[in-house]
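To keep things clear, I will list the structure first and then write my remarks on it.
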Amino acid sequence: MAIGKLYGVGVGPGDPELVTIKAARIVKEADIIFAPQSKKGRASVALKIVQGIIDEREEAPEILQPLFPMTEDAQTLDKSWDEAAEQLYEKLSKGLDAVFVTLGDPTIFSTFSYVSKRLQKKGVEVVLVPGIAAMTACSTTAGIQLTEQDDILVVVPQVDERLSKILPYVDTVVAMKTSRHLDLLEKCINEDPREKEIVSVQNCTMPDENVVQGFVKNKKYFSTSIIKLKK
Ligand SMILES: C[S@@+](CC[C@H](N)C(=O)[O-])C[C@H]1O[C@@H](n2cnc3c(N)ncnc32)[C@H](O)[C@@H]1O
């Protein structure tokens, strides 16, 4: 029997209207929906975004919701990705197609990549479906042009010495996961003498979206800051 395909489907930043037509069709047709949880009993945001599409199906898909703990411990993460890959392979080897729903786009800081690499090694065909990335949703919500003319855009998931080194050459910084590194980020940005425009967007395109001028101190996970450094 042929092995099923694994789809890595980006479902956008939160608003179900921002799910692409292609993503919606694939979710409608899938045998298995794979939507990892960060805490037991807390459905993934990606799953919630496509729940309306799933509810409209005549035949319900099987929904797998393994636990991907929010930790930076490499061993714990490796173990959860190994287990997820095994769980998916068991289904795919029966000829079933699986859809891994992922917030935003599957090629930007998505746990999908760690699982898909493991499955590709086993000969599974992986199909990627782009989604609207959080950073472009945040820039449109904030009404900020990310790049113009010869601007250099840098996207960071954390702050370390590399950002200070390249910052003098950068026109726009998109800082993701800011709840984890806000103090360092603020320090690094403040050290640049240029005039700046800073906007932070939390829970972008979700019902409780919050747009703040400057950095935002609360520790919400879905926070992105856009820093424009004036020429
Ligand atoms: C693991 S990354 C996922 C990125 C996602 N794959 C993408 O394409 O945007 C999680 C980070 O994305 C950003 N993010 C995701 N959704 C967001 C939203 N709705 N509003 C603001 N930031 C968001 C936050 O910086 C969050 O910490």
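In the structure tokens, chains take the letters A, B, ... in the order shown, each chain's residues start at 1, and ligands count up from 1 in the order shown.
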Near-ligand residues for ligand 1, threshold 6 Å, only C-alpha atoms and all ligand atoms, as a ChimeraX atom specification: /A:13-14,103-106,108-110,133-135,176-177,201-204,221-224
Exercise: segment 136-148 of chain A partners within 9 Å, only C-alpha atoms, chain neighbours under 3 positions left out, as a ChimeraX atom specification: /A:12-13,104,132-133,151-153,171-174,199-202,204-205,211-212,224-226,228
Would you mind exporting C-alpha atoms of the selected residues as a PDB file, in the first residue's frame?
ATOM      1  CA  GLY A  12      -2.930  32.164   9.081  1.00  0.00           C
ATOM      2  CA  PRO A  13      -2.637  34.322  12.197  1.00  0.00           C
ATOM      3  CA  GLY A 104       0.713  31.449  10.237  1.00  0.00           C
ATOM      4  CA  ILE A 132      -0.542  34.289   5.943  1.00  0.00           C
ATOM      5  CA  ALA A 133       2.362  34.821   8.339  1.00  0.00           C
ATOM      6  CA  ASP A 151      15.301  48.400   2.977  1.00  0.00           C
ATOM      7  CA  ILE A 152      16.786  45.438   4.814  1.00  0.00           C
ATOM      8  CA  LEU A 153      14.311  43.424   6.886  1.00  0.00           C
ATOM      9  CA  ASP A 171      15.996  49.204   8.399  1.00  0.00           C
ATOM     10  CA  THR A 172      13.197  47.055   9.876  1.00  0.00           C
ATOM     11  CA  VAL A 173      13.260  44.453  12.636  1.00  0.00           C
ATOM     12  CA  VAL A 174      10.393  42.057  13.206  1.00  0.00           C
ATOM     13  CA  VAL A 199       4.569  49.012  17.176  1.00  0.00           C
ATOM     14  CA  SER A 200       3.658  45.791  18.985  1.00  0.00           C
ATOM     15  CA  VAL A 201       0.684  43.654  17.996  1.00  0.00           C
ATOM     16  CA  GLN A 202      -0.742  40.934  20.221  1.00  0.00           C
ATOM     17  CA  CYS A 204      -3.354  39.825  15.738  1.00  0.00           C
ATOM     18  CA  THR A 205      -6.636  39.297  13.845  1.00  0.00           C
ATOM     19  CA  VAL A 211      -2.042  47.176  19.119  1.00  0.00           C
ATOM     20  CA  VAL A 212       0.424  49.159  21.224  1.00  0.00           C
ATOM     21  CA  THR A 224       5.146  40.589  17.656  1.00  0.00           C
ATOM     22  CA  SER A 225       6.985  43.922  17.614  1.00  0.00           C
ATOM     23  CA  ILE A 226       7.882  45.817  14.460  1.00  0.00           C
ATOM     24  CA  LYS A 228      11.343  50.736  11.875  1.00  0.00           C
TER      25      LYS A 228
END
Length of the atom CA of Val99 of chain A to atom CA of Glu209 of chain A vector [Å]: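 Taking atom CA of Val99 of chain A as the start and atom CA of Glu209 of chain A as the end point, the length is 27.2 Å.
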Backbone-only DSSP, strand (DSSP E) members of segment 3-231 of chain A, as a ChimeraX atom specification: /A:6-10,32-34,62-64,98-102,126-129,153-156,172-175,196-202,210-213,223-229
Could you take the residues named above and write them with C-alpha atoms, as a CSV table (one decimal), in the first residue's frame?
chain,number,residue,atom,x,y,z
A,6,LEU,CA,1.7,14.7,4.9
A,7,TYR,CA,0.4,18.2,4.4
A,8,GLY,CA,2.0,21.1,6.3
A,9,VAL,CA,-0.8,23.7,6.1
A,10,GLY,CA,-0.5,27.3,7.3
A,32,ILE,CA,-6.3,12.9,9.8
A,33,ILE,CA,-5.9,16.4,11.3
A,34,PHE,CA,-2.8,16.7,13.4
A,62,GLU,CA,-9.7,11.8,13.1
A,63,ILE,CA,-8.1,14.6,15.1
A,64,LEU,CA,-4.7,13.9,16.8
A,98,ALA,CA,-2.6,13.7,7.3
A,99,VAL,CA,-2.8,17.5,7.7
A,100,PHE,CA,-0.5,19.2,10.2
A,101,VAL,CA,-2.2,22.5,10.8
A,102,THR,CA,0.2,25.3,11.8
A,126,VAL,CA,5.5,16.2,2.3
A,127,VAL,CA,3.4,18.9,0.7
A,128,LEU,CA,3.6,22.5,2.1
A,129,VAL,CA,0.7,24.9,1.8
A,153,LEU,CA,14.3,43.4,6.9
A,154,VAL,CA,15.5,41.2,9.7
A,155,VAL,CA,13.2,38.7,11.6
A,156,VAL,CA,14.4,37.5,15.0
A,172,THR,CA,13.2,47.1,9.9
A,173,VAL,CA,13.3,44.5,12.6
A,174,VAL,CA,10.4,42.1,13.2
A,175,ALA,CA,10.8,40.6,16.7
A,196,LYS,CA,12.5,54.7,15.6
A,197,GLU,CA,8.9,53.8,15.1
A,198,ILE,CA,7.9,50.8,17.3
A,199,VAL,CA,4.6,49.0,17.2
A,200,SER,CA,3.7,45.8,19.0
A,201,VAL,CA,0.7,43.7,18.0
A,202,GLN,CA,-0.7,40.9,20.2
A,210,ASN,CA,-4.2,44.6,20.9
A,211,VAL,CA,-2.0,47.2,19.1
A,212,VAL,CA,0.4,49.2,21.2
A,213,GLN,CA,2.8,52.0,20.2
A,223,SER,CA,3.2,39.2,20.5
A,224,THR,CA,5.1,40.6,17.7
A,225,SER,CA,7.0,43.9,17.6
A,226,ILE,CA,7.9,45.8,14.5
A,227,ILE,CA,10.7,48.3,14.7
A,228,LYS,CA,11.3,50.7,11.9
A,229,LEU,CA,14.7,52.5,12.1
Separation of atom CA of Trp81 of chain A from atom CA of Val115 of chain A in Å: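 Calculated distance between atom CA of Val115 of chain A and atom CA of Trp81 of chain A is 5.5 Å.
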Secondary structure check, alpha helix (DSSP H) residues of segment 3-219 of chain A, as a ChimeraX atom specification: /A:21-29,45-55,74-92,112-121,134-142,161-166,182-190
Gap from atom CA of Lys22 of chain A to atom CA of Arg118 of chain A - Å, one decimal: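 Atom-to-atom, atom CA of Lys22 of chain A and atom CA of Arg118 of chain A are spaced 25.0 Å apart.
Restricting the calculation to only C-alpha atoms, the smallest distance between Leu96 of chain A and any of A:Lys5, A:Lys117, A:Lys40, A:Lys187 is found for A:Lys5.
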Do you know which residues are at most 7 Å from Ala23 of chain A counting only C-alpha atoms, after dropping those on the same chain fewer than 2 positions away, and could you put them as an mmCIF file with N, CA and C atoms, in the first residue's frame?
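This went into result_3.cif:
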data_model
loop_
_atom_site.group_PDB
_atom_site.id
_atom_site.type_symbol
_atom_site.label_atom_id
_atom_site.label_comp_id
_atom_site.auth_asym_id
_atom_site.auth_seq_id
_atom_site.Cartn_x
_atom_site.Cartn_y
_atom_site.Cartn_z
ATOM 1 N N VAL A 9 0.108 22.613 6.606
ATOM 2 C CA VAL A 9 -0.805 23.651 6.134
ATOM 3 C C VAL A 9 -0.782 24.867 7.065
ATOM 4 N N VAL A 11 -2.406 28.087 8.512
ATOM 5 C CA VAL A 11 -3.820 28.487 8.624
ATOM 6 C C VAL A 11 -3.961 29.976 8.974
ATOM 7 N N VAL A 19 -7.811 32.068 6.319
ATOM 8 C CA VAL A 19 -7.392 30.725 5.868
ATOM 9 C C VAL A 19 -7.554 30.725 4.349
ATOM 10 N N THR A 20 -6.539 30.280 3.628
ATOM 11 C CA THR A 20 -6.648 30.311 2.159
ATOM 12 C C THR A 20 -7.661 29.253 1.686
ATOM 13 N N ILE A 21 -8.129 29.441 0.466
ATOM 14 C CA ILE A 21 -9.099 28.496 -0.121
ATOM 15 C C ILE A 21 -8.447 27.115 -0.227
ATOM 16 N N ARG A 25 -9.659 23.625 1.561
ATOM 17 C CA ARG A 25 -9.990 22.403 0.812
ATOM 18 C C ARG A 25 -9.224 21.199 1.372
ATOM 19 N N ILE A 26 -7.967 21.396 1.686
ATOM 20 C CA ILE A 26 -7.154 20.272 2.172
ATOM 21 C C ILE A 26 -7.662 19.819 3.547
ATOM 22 N N VAL A 27 -8.050 20.779 4.389
ATOM 23 C CA VAL A 27 -8.604 20.415 5.707
ATOM 24 C C VAL A 27 -9.929 19.655 5.524
ATOM 25 N N VAL A 129 1.755 23.978 2.303
ATOM 26 C CA VAL A 129 0.733 24.926 1.836
ATOM 27 C C VAL A 129 0.937 26.233 2.609
#
